[in-house]
$ cat start_18.cif   # mmCIF, C-alpha atoms and all ligand atoms
data_protein
loop_
_atom_site.label_atom_id
_atom_site.label_comp_id
_atom_site.auth_asym_id
_atom_site.auth_seq_id
_atom_site.Cartn_x
_atom_site.Cartn_y
_atom_site.Cartn_z
CA MET G 105 -22.84 4.37 -10.69
CA LYS G 106 -22.83 0.93 -12.27
CA GLU G 107 -25.24 -1.97 -12.45
CA ALA G 108 -24.53 -4.44 -9.68
CA LEU G 109 -24.03 -8.19 -9.97
CA TYR G 110 -26.01 -10.83 -8.06
CA TYR G 111 -29.59 -9.56 -7.80
CA GLU G 112 -33.10 -10.31 -8.97
CA LYS G 113 -36.25 -8.28 -9.33
CA VAL G 114 -39.13 -9.11 -7.01
CA ASN G 115 -42.05 -7.02 -8.38
CA SER G 116 -41.02 -3.40 -7.71
CA LYS G 117 -38.40 -4.49 -5.19
CA ILE G 118 -34.95 -5.94 -5.70
CA ARG G 119 -33.29 -8.78 -3.81
CA CYS G 120 -29.49 -8.44 -3.53
CA TYR G 121 -27.59 -11.73 -3.29
CA LEU G 122 -24.09 -10.39 -2.72
CA CYS G 123 -23.99 -10.99 1.02
CA PRO G 124 -25.97 -13.11 3.50
CA HIS G 125 -28.27 -10.20 4.43
CA GLN G 126 -29.95 -10.72 1.04
CA CYS G 127 -31.65 -7.33 1.40
CA LEU G 128 -35.06 -6.88 -0.22
CA ILE G 129 -34.76 -3.27 -1.36
CA LYS G 130 -37.68 -0.96 -2.15
CA GLU G 131 -37.61 1.47 -5.09
CA ASN G 132 -34.94 4.15 -4.58
CA ALA G 133 -33.93 2.65 -1.23
CA LEU G 134 -30.50 1.37 -0.16
CA GLY G 135 -29.39 -1.99 1.16
CA ILE G 136 -27.96 -2.35 4.68
CA CYS G 137 -24.45 -1.59 3.36
CA GLY G 138 -25.60 1.85 2.22
CA VAL G 139 -23.96 1.60 -1.21
CA ARG G 140 -26.32 -0.55 -3.29
CA GLN G 141 -29.56 1.02 -4.46
CA ASN G 142 -32.76 -0.06 -6.21
CA TYR G 143 -32.78 2.57 -8.93
CA GLY G 144 -34.73 2.58 -12.19
CA ASP G 145 -35.57 -1.13 -12.06
CA LYS G 146 -31.94 -2.12 -11.49
CA LEU G 147 -29.64 -2.69 -8.54
CA ILE G 148 -26.83 -0.22 -8.87
CA THR G 149 -23.58 0.09 -6.98
CA LEU G 150 -22.96 3.66 -5.83
CA ASN G 151 -19.30 3.21 -4.93
CA TYR G 152 -17.96 1.71 -8.17
CA GLY G 153 -14.68 3.52 -8.91
CA ARG G 154 -15.05 5.73 -5.82
CA TYR G 155 -12.39 5.59 -3.11
CA SER G 156 -12.11 7.19 0.32
CA SER G 157 -8.46 6.46 1.01
CA ILE G 158 -5.35 5.19 -0.80
CA ASN G 159 -1.88 4.60 0.69
CA LEU G 160 1.24 2.53 0.24
CA ASP G 161 1.29 0.40 3.41
CA PRO G 162 3.59 -2.31 4.74
CA VAL G 163 2.04 -5.73 4.08
CA GLU G 164 2.38 -6.32 7.85
CA LYS G 165 -0.19 -3.57 8.46
CA LYS G 166 -3.07 -5.55 6.87
CA PRO G 167 -2.08 -7.65 8.96
CA LEU G 168 -0.40 -10.31 6.82
CA TYR G 169 2.77 -11.77 8.34
CA HIS G 170 3.23 -14.73 5.97
CA PHE G 171 2.88 -12.92 2.66
CA TYR G 172 5.96 -11.18 1.24
CA PRO G 173 7.31 -10.02 4.64
CA GLY G 174 8.87 -6.57 4.55
CA LYS G 175 7.23 -5.56 1.26
CA ASN G 176 4.65 -2.83 0.66
CA ILE G 177 1.19 -2.99 -0.85
CA LEU G 178 -0.95 -0.26 -2.39
CA SER G 179 -4.01 -0.14 -0.13
CA ILE G 180 -7.35 1.31 -1.15
CA GLY G 181 -10.83 1.50 0.36
CA THR G 182 -14.21 3.02 -0.36
CA ILE G 183 -17.25 3.65 1.89
CA GLY G 184 -19.94 1.43 3.39
CA CYS G 185 -20.10 -1.87 5.26
CA ASN G 186 -22.54 -4.74 5.66
CA PHE G 187 -21.85 -4.91 9.42
CA GLN G 188 -22.71 -2.25 11.99
CA CYS G 189 -20.12 -2.94 14.70
CA PRO G 190 -20.34 -0.24 17.42
CA PHE G 191 -16.58 -0.63 18.07
CA CYS G 192 -15.51 -0.03 14.43
CA GLN G 193 -12.21 1.81 14.15
CA ASN G 194 -13.00 2.96 10.61
CA TRP G 195 -16.60 3.99 11.32
CA SER G 196 -16.34 7.34 9.50
CA ILE G 197 -16.03 5.51 6.16
CA SER G 198 -17.84 2.27 7.00
CA GLN G 199 -21.06 3.50 8.65
CA VAL G 200 -22.14 5.89 5.92
CA ARG G 201 -25.86 5.23 6.42
CA LYS G 202 -25.53 6.79 9.85
CA THR G 203 -22.78 9.35 9.36
CA ARG G 204 -24.03 10.44 5.91
CA LYS G 205 -20.41 11.27 5.12
CA LYS G 206 -19.85 10.16 1.59
CA GLU G 207 -16.82 12.11 0.39
CA THR G 208 -15.04 9.98 -2.17
CA LYS G 209 -12.84 10.54 -5.18
CA SER G 210 -13.03 8.92 -8.57
CA ILE G 211 -10.51 6.39 -9.91
CA THR G 212 -10.59 3.98 -12.84
CA LYS G 213 -9.16 0.48 -12.76
CA GLU G 214 -6.55 1.57 -15.34
CA GLU G 215 -5.45 4.47 -13.10
CA LEU G 216 -5.26 2.23 -10.04
CA ILE G 217 -3.18 -0.44 -11.78
CA LYS G 218 -0.84 2.22 -13.21
CA ILE G 219 -0.23 3.63 -9.70
CA ALA G 220 0.43 0.10 -8.41
CA ILE G 221 2.92 -0.63 -11.21
CA ASP G 222 4.69 2.72 -10.75
CA LEU G 223 5.09 1.93 -7.04
CA LYS G 224 6.91 -1.35 -7.70
CA GLU G 225 10.19 0.54 -7.32
CA LYS G 226 9.11 1.33 -3.74
CA GLY G 227 8.61 -2.34 -2.93
CA ASN G 228 4.93 -2.54 -3.94
CA ILE G 229 3.72 -6.07 -4.68
CA GLY G 230 0.12 -5.32 -5.63
CA ILE G 231 -3.20 -4.01 -4.35
CA ALA G 232 -4.97 -4.54 -1.00
CA TYR G 233 -8.70 -3.82 -0.86
CA THR G 234 -9.05 -2.70 2.73
CA TYR G 235 -10.02 0.09 5.20
CA ASN G 236 -13.76 -0.62 4.80
CA GLU G 237 -15.43 -3.89 3.77
CA PRO G 238 -14.18 -4.81 0.26
CA PHE G 239 -16.99 -7.25 -0.56
CA ILE G 240 -19.54 -4.43 -0.74
CA TRP G 241 -17.24 -2.90 -3.41
CA TYR G 242 -17.41 -6.20 -5.22
CA GLU G 243 -17.75 -5.16 -8.87
CA PHE G 244 -14.85 -2.69 -8.75
CA VAL G 245 -12.67 -5.07 -6.75
CA ARG G 246 -13.30 -7.87 -9.23
CA ASP G 247 -12.59 -5.70 -12.27
CA CYS G 248 -9.37 -4.36 -10.71
CA ALA G 249 -8.23 -7.75 -9.40
CA GLN G 250 -8.59 -9.36 -12.84
CA PHE G 251 -6.64 -6.54 -14.47
CA ALA G 252 -4.00 -6.44 -11.72
CA LYS G 253 -3.42 -10.19 -11.91
CA ALA G 254 -2.91 -9.98 -15.65
CA GLU G 255 -0.24 -7.33 -14.96
CA GLY G 256 1.58 -9.60 -12.49
CA LEU G 257 0.37 -7.79 -9.35
CA LYS G 258 -0.88 -9.52 -6.20
CA ASN G 259 -4.41 -8.98 -4.85
CA VAL G 260 -5.26 -8.95 -1.15
CA LEU G 261 -8.58 -8.66 0.70
CA VAL G 262 -8.92 -7.48 4.30
CA THR G 263 -12.46 -8.48 5.11
CA ASN G 264 -15.16 -9.36 7.62
CA GLY G 265 -15.87 -12.46 5.49
CA TYR G 266 -19.59 -11.68 5.18
CA VAL G 267 -20.30 -12.66 1.59
CA ASN G 268 -22.34 -15.30 -0.21
CA LEU G 269 -20.58 -18.36 -1.58
CA LYS G 270 -21.13 -17.75 -5.30
CA PRO G 271 -19.61 -14.23 -5.43
CA LEU G 272 -16.81 -15.41 -3.15
CA GLU G 273 -15.93 -18.37 -5.36
CA GLU G 274 -16.03 -16.20 -8.47
CA LEU G 275 -13.58 -13.68 -6.97
CA LEU G 276 -11.10 -16.04 -5.30
CA PRO G 277 -9.28 -17.09 -8.50
CA TYR G 278 -7.88 -13.53 -8.65
CA ILE G 279 -7.01 -13.23 -4.96
CA ASP G 280 -3.61 -14.18 -3.53
CA ALA G 281 -4.11 -13.56 0.19
CA VAL G 282 -6.86 -12.59 2.63
CA ASN G 283 -7.05 -11.49 6.20
CA ILE G 284 -10.46 -12.36 7.63
CA ASP G 285 -11.85 -11.16 10.95
CA ILE G 286 -13.39 -13.82 13.13
CA LYS G 287 -14.78 -11.36 15.65
CA SER G 288 -16.07 -14.00 18.04
CA MET G 289 -17.15 -17.63 18.08
CA ARG G 290 -20.36 -16.56 19.82
CA GLU G 291 -23.40 -16.29 17.55
CA GLU G 292 -24.97 -13.67 19.84
CA PHE G 293 -21.88 -11.45 19.42
CA TYR G 294 -22.49 -11.29 15.68
CA LEU G 295 -26.27 -10.91 16.01
CA LYS G 296 -26.19 -8.23 18.70
CA LEU G 297 -23.10 -6.18 17.84
CA CYS G 298 -22.37 -6.71 14.13
CA LYS G 299 -26.01 -7.23 13.06
CA GLY G 300 -24.92 -10.26 11.08
CA LYS G 301 -24.36 -14.00 11.54
CA LEU G 302 -21.29 -16.06 12.43
CA GLU G 303 -21.78 -19.10 10.18
CA PRO G 304 -21.25 -17.36 6.79
CA VAL G 305 -17.98 -15.86 8.10
CA LEU G 306 -16.69 -19.30 9.04
CA LYS G 307 -17.77 -20.65 5.64
CA THR G 308 -15.76 -17.86 3.94
CA CYS G 309 -12.68 -18.81 5.99
CA GLU G 310 -12.96 -22.50 5.06
CA THR G 311 -13.51 -21.68 1.38
CA ALA G 312 -10.67 -19.16 1.16
CA TYR G 313 -8.25 -21.50 2.96
CA LYS G 314 -8.52 -23.95 0.06
CA LYS G 315 -7.75 -21.28 -2.56
CA CYS G 316 -5.27 -18.73 -1.22
CA LEU G 317 -3.18 -17.70 1.76
CA ILE G 318 -5.37 -16.80 4.72
CA GLU G 319 -4.62 -15.19 8.06
CA ILE G 320 -7.21 -14.67 10.79
CA THR G 321 -7.66 -11.64 13.04
CA ASN G 322 -9.56 -11.67 16.33
CA LEU G 323 -10.11 -8.30 18.02
CA ILE G 324 -10.36 -8.98 21.75
CA ILE G 325 -12.90 -6.71 23.45
CA PRO G 326 -13.17 -6.76 27.26
CA ASN G 327 -16.46 -8.24 28.53
CA HIS G 328 -17.56 -9.39 25.06
CA ASN G 329 -15.17 -12.03 23.69
CA ASP G 330 -12.29 -12.15 26.18
CA GLN G 331 -12.80 -15.38 28.08
CA LYS G 332 -10.52 -18.44 28.05
CA GLU G 333 -13.36 -20.43 26.44
CA ASP G 334 -13.59 -17.86 23.61
CA PHE G 335 -9.92 -18.36 22.72
CA GLU G 336 -10.12 -22.16 23.04
CA LYS G 337 -13.17 -22.37 20.80
CA LEU G 338 -11.57 -20.17 18.14
CA VAL G 339 -8.30 -22.11 18.14
CA ASN G 340 -10.06 -25.48 18.01
CA TRP G 341 -12.22 -24.33 15.11
CA ILE G 342 -9.18 -23.12 13.15
CA ILE G 343 -7.41 -26.44 13.68
CA GLU G 344 -10.42 -28.49 12.68
CA HIS G 345 -11.42 -26.45 9.61
CA MET G 346 -8.19 -24.94 8.33
CA GLY G 347 -5.16 -26.48 10.03
CA ASP G 348 -2.52 -25.60 12.60
CA ASP G 349 -0.51 -23.56 10.08
CA ALA G 350 -3.14 -20.81 9.66
CA PRO G 351 -1.65 -17.64 11.24
CA LEU G 352 -3.82 -16.08 13.96
CA HIS G 353 -3.56 -12.43 15.02
CA PHE G 354 -5.05 -11.34 18.33
CA SER G 355 -5.61 -7.62 18.16
CA ARG G 356 -5.91 -5.17 21.03
CA TYR G 357 -9.16 -3.19 21.22
CA HIS G 358 -9.07 0.55 21.92
CA PRO G 359 -12.24 2.57 22.62
CA ASP G 360 -13.76 3.96 19.42
CA TYR G 361 -17.08 4.96 17.80
CA GLN G 362 -19.97 3.95 20.11
CA PHE G 363 -17.96 1.69 22.45
CA ASN G 364 -16.10 2.88 25.53
CA GLU G 365 -14.91 -0.32 27.18
CA THR G 366 -11.35 0.10 28.45
CA ALA G 367 -8.53 -1.09 26.17
CA THR G 368 -7.81 -4.83 26.28
CA PRO G 369 -5.47 -5.62 29.21
CA ILE G 370 -2.08 -7.01 28.22
CA GLU G 371 -2.74 -9.97 30.56
CA THR G 372 -5.78 -10.95 28.45
CA LEU G 373 -3.72 -10.79 25.25
CA SER G 374 -1.02 -12.89 26.92
CA LEU G 375 -3.57 -15.49 27.96
CA ALA G 376 -5.00 -15.68 24.43
CA TYR G 377 -1.47 -15.99 22.99
CA LYS G 378 -0.54 -18.77 25.42
CA ILE G 379 -3.68 -20.79 24.72
CA ALA G 380 -3.33 -20.44 20.94
CA LYS G 381 0.40 -21.20 20.91
CA GLU G 382 -0.24 -24.60 22.47
CA LYS G 383 -1.96 -25.73 19.27
CA LEU G 384 -1.21 -23.28 16.43
CA LYS G 385 2.16 -22.79 14.76
CA TYR G 386 1.88 -19.04 14.21
CA VAL G 387 0.24 -16.68 16.70
CA TYR G 388 0.65 -12.90 16.87
CA ILE G 389 -0.46 -9.96 18.99
CA GLY G 390 -1.27 -6.67 17.28
CA ASN G 391 -2.12 -3.08 18.20
CA ILE G 392 0.22 -2.89 21.18
CA LEU G 393 3.22 -0.63 21.64
CA ASP G 394 5.49 -3.51 22.41
CA ASP G 395 7.49 -6.14 20.54
CA PHE G 396 5.59 -8.92 22.31
CA GLY G 397 3.91 -11.32 19.90
CA GLU G 398 5.25 -9.78 16.69
CA ASN G 399 7.98 -12.22 15.69
CA THR G 400 7.73 -15.46 13.74
CA TYR G 401 9.38 -18.55 15.23
CA CYS G 402 10.13 -21.73 13.32
CA PRO G 403 7.71 -24.43 14.55
CA ASN G 404 10.40 -27.06 13.93
CA CYS G 405 13.63 -25.71 15.49
CA GLY G 406 12.11 -22.88 17.57
CA LYS G 407 14.51 -20.23 16.28
CA MET G 408 13.26 -16.76 15.37
CA VAL G 409 12.91 -16.52 11.59
CA ILE G 410 11.30 -13.08 11.25
CA GLU G 411 11.93 -10.29 13.75
CA ARG G 412 9.52 -7.34 13.58
CA SER G 413 9.02 -4.08 15.38
CA GLY G 414 5.73 -2.41 14.61
CA PHE G 415 5.12 -2.99 10.92
CA LYS G 416 8.83 -3.13 10.16
CA VAL G 417 10.74 -6.34 9.45
CA ASN G 418 14.15 -6.04 11.15
CA GLN G 419 15.58 -9.41 10.38
CA ASP G 420 14.58 -12.21 8.06
CA ASN G 421 16.08 -15.67 8.50
CA LEU G 422 14.26 -17.29 5.59
CA ASN G 423 15.74 -18.44 2.32
CA SER G 424 14.33 -17.41 -1.08
CA GLN G 425 11.84 -20.32 -0.95
CA GLY G 426 10.43 -19.14 2.40
CA MET G 427 12.21 -21.90 4.39
CA CYS G 428 13.87 -21.55 7.80
CA ASN G 429 17.58 -20.78 7.33
CA PHE G 430 18.45 -22.89 10.38
CA CYS G 431 16.61 -26.16 9.72
CA GLY G 432 14.96 -25.87 6.28
CA TYR G 433 11.36 -26.01 7.57
CA GLN G 434 8.85 -24.49 5.09
CA ILE G 435 7.47 -21.34 6.77
CA LEU G 436 5.95 -19.31 3.90
CA LYS G 437 3.62 -20.95 1.39
CA PHE G 438 3.29 -18.69 -1.61
S1 LIG J 1 -24.34 -6.30 -0.26
FE1 LIG J 1 -25.51 -4.63 0.69
S2 LIG J 1 -27.45 -4.57 -0.40
FE2 LIG J 1 -26.48 -6.53 -0.89
S3 LIG J 1 -27.35 -7.97 0.58
FE3 LIG J 1 -25.44 -7.21 1.47
S4 LIG J 1 -25.99 -5.44 2.72
FE4 LIG J 1 -27.74 -5.89 1.40
#
$ encode --input "start_18.cif" --output "structure tokens" --more "lines below"
Ligand code: SF4
Amino acid sequence: MKEALYYEKVNSKIRCYLCPHQCLIKENALGICGVRQNYGDKLITLNYGRYSSINLDPVEKKPLYHFYPGKNILSIGTIGCNFQCPFCQNWSISQVRKTRKKETKSITKEELIKIAIDLKEKGNIGIAYTYNEPFIWYEFVRDCAQFAKAEGLKNVLVTNGYVNLKPLEELLPYIDAVNIDIKSMREEFYLKLCKGKLEPVLKTCETAYKKCLIEITNLIIPNHNDQKEDFEKLVNWIIEHMGDDAPLHFSRYHPDYQFNETATPIETLSLAYKIAKEKLKYVYIGNILDDFGENTYCPNCGKMVIERSGFKVNQDNLNSQGMCNFCGYQILKF
């Protein structure tokens, strides 16, 4: 339990300013995320130093395909989320207000950084805050990220992007790479399914793009965000607000939690890939048991520069500066 950042008292209630919900929280009650509580006249964070899962994962699993390909990253998550997506694949740790499952273990920032340093010999480059929404773990993430950076480790966020600008801008100086979900370009998708809004997510993408490496993930769900116009709108927005070099991952949906739509057809993923590839330099397909859409091709000479299978890098045709070995084109920008 630790006092939270970004709040103000409003009589006996508390207004939290960490994310765009800006919950007005009654005494002893929780915010929408389920992990910030109005307690004893203060807003406290219940998940500070509490984790639900920790693993050494391939960087590709985040997914990040343009950030130290083939390396590993110590990945850690807690509980809670500020979205309520009925298709969440990590619902047992994210939807704690509903599941009431709150089993976590304690860890200090010193312990976490020591584990990360010890794992360098196994190819670890740093720490990824992932599995559930890292922004609702803000205070612990910020403390760890500052410490990790000072120790020469990289910091990565895997996020829904639903955060207010001030906390985002105060965290970004410590962050090296982010993967942000743009779940749909339809406002009603966010309102109805995620119980949030689209615009703040897009603002997070634009802001992060100026400060660190960013890759975008779009989970394609049949009958909800799987039309040609959905893919065109997403691609056009990325080009206009970030640039044609921002990697885009289309991810295959599988039934989970409260959603039982059938898994995304391969034809739909192929259509999305084809549309995006006409305008973006780097497009990928994830969550399929196939090599399709996993490799990186040089936008200049067209040759394959990174060959992957699953989360494994089989072949890397980049030089030490991240340039194509065949033509010298700059592929990686870190
Ligand atoms: S972080 Fe949690 S408590 Fe704060 S505004 Fe967002 S959902 Fe509400």
$ residues_near_ligand --input "start_18.cif" --ligand "ligand LIG 1 (chain J)" --cutoff "7 Å" --atoms "only C-alpha atoms and all ligand atoms" --output "list in words"
Cys120, Tyr121, Leu122, Cys123, Pro124, His125, Gln126, Cys127, Leu134, Gly135, Ile136, Cys137, Gly138, Val139, Arg140, Asn186 and Ile240 of chain G
$ residues_around --input "start_18.cif" --residues "G:Asp420" --least-positions-apart "5" --cutoff "10 Å" --atoms "only C-alpha atoms" --output "ChimeraX atom specification"
/G:173-174,400,408-412,426,428-429
$ atom_distance --input "start_18.cif" --atom1 "atom CA of G:Arg154" --atom2 "atom CA of G:Gly390"
29.6 Å
$ closest_residue --input "start_18.cif" --among "G:Cys316, G:Ala350, G:Leu375, G:Ser413" --to "G:Asp334" --atoms "all atoms listed in the file"
G:Leu375
$ closest_atom_pairs --input "start_18.cif" --of "stretch 307-378 of chain G" --to "stretch 248-267 of chain G" --cutoff "12 Å" --atoms "all atoms listed in the file" --output "tab-separated table"
residue	atom	partner	partner_atom	distance
G:Lys307	CA	G:Gly265	CA	8.4
G:Thr308	CA	G:Gly265	CA	5.6
G:Cys309	CA	G:Gly265	CA	7.1
G:Glu310	CA	G:Gly265	CA	10.5
G:Thr311	CA	G:Gly265	CA	10.4
G:Ala312	CA	G:Gly265	CA	9.5
G:Cys316	CA	G:Val260	CA	9.8
G:Leu317	CA	G:Val260	CA	9.5
G:Ile318	CA	G:Leu261	CA	9.6
G:Glu319	CA	G:Val262	CA	9.6
G:Ile320	CA	G:Val262	CA	9.8
G:Thr321	CA	G:Asn264	CA	9.5
G:Asn322	CA	G:Asn264	CA	10.6
G:Leu323	CA	G:Asn264	CA	11.6
$ residues_around --input "start_18.cif" --residues "G:Ile379" --least-positions-apart "2" --cutoff "8 Å" --atoms "all atoms listed in the file" --output "PDB file with C-alpha atoms, in the coordinates of the input"
ATOM      1  CA  LYS G 332     -10.520 -18.440  28.050  1.00  0.00           C
ATOM      2  CA  PHE G 335      -9.920 -18.360  22.720  1.00  0.00           C
ATOM      3  CA  GLU G 336     -10.120 -22.160  23.040  1.00  0.00           C
ATOM      4  CA  LEU G 375      -3.570 -15.490  27.960  1.00  0.00           C
ATOM      5  CA  ALA G 376      -5.000 -15.680  24.430  1.00  0.00           C
ATOM      6  CA  TYR G 377      -1.470 -15.990  22.990  1.00  0.00           C
ATOM      7  CA  LYS G 381       0.400 -21.200  20.910  1.00  0.00           C
ATOM      8  CA  GLU G 382      -0.240 -24.600  22.470  1.00  0.00           C
ATOM      9  CA  LYS G 383      -1.960 -25.730  19.270  1.00  0.00           C
TER      10      LYS G 383
END
$ closest_residue --input "start_18.cif" --among "G:Phe293, G:Tyr357, G:Val245, G:Lys301" --to "G:Leu276" --atoms "only C-alpha atoms"
G:Val245
$ closest_residue --input "start_18.cif" --among "G:Ala220, G:Cys185, G:Val305, G:Ile284" --to "G:Leu269" --atoms "only C-alpha atoms"
G:Val305
$ closest_residue --input "start_18.cif" --among "G:Lys296, G:Lys270, G:Arg246, G:Arg201" --to "G:Lys213" --atoms "all atoms listed in the file"
G:Arg246
$ residues_near_point --input "start_18.cif" --point "(4.6, -3.2, -2.5)" --cutoff "9 Å" --atoms "all atoms listed in the file" --output "list in words"
Leu160, Asp161, Pro162, Val163, Tyr172, Gly174, Lys175, Asn176, Ile177, Leu178, Ala220, Leu223, Lys224, Glu225, Lys226, Gly227, Asn228, Ile229, Gly230 and Ile231 of chain G
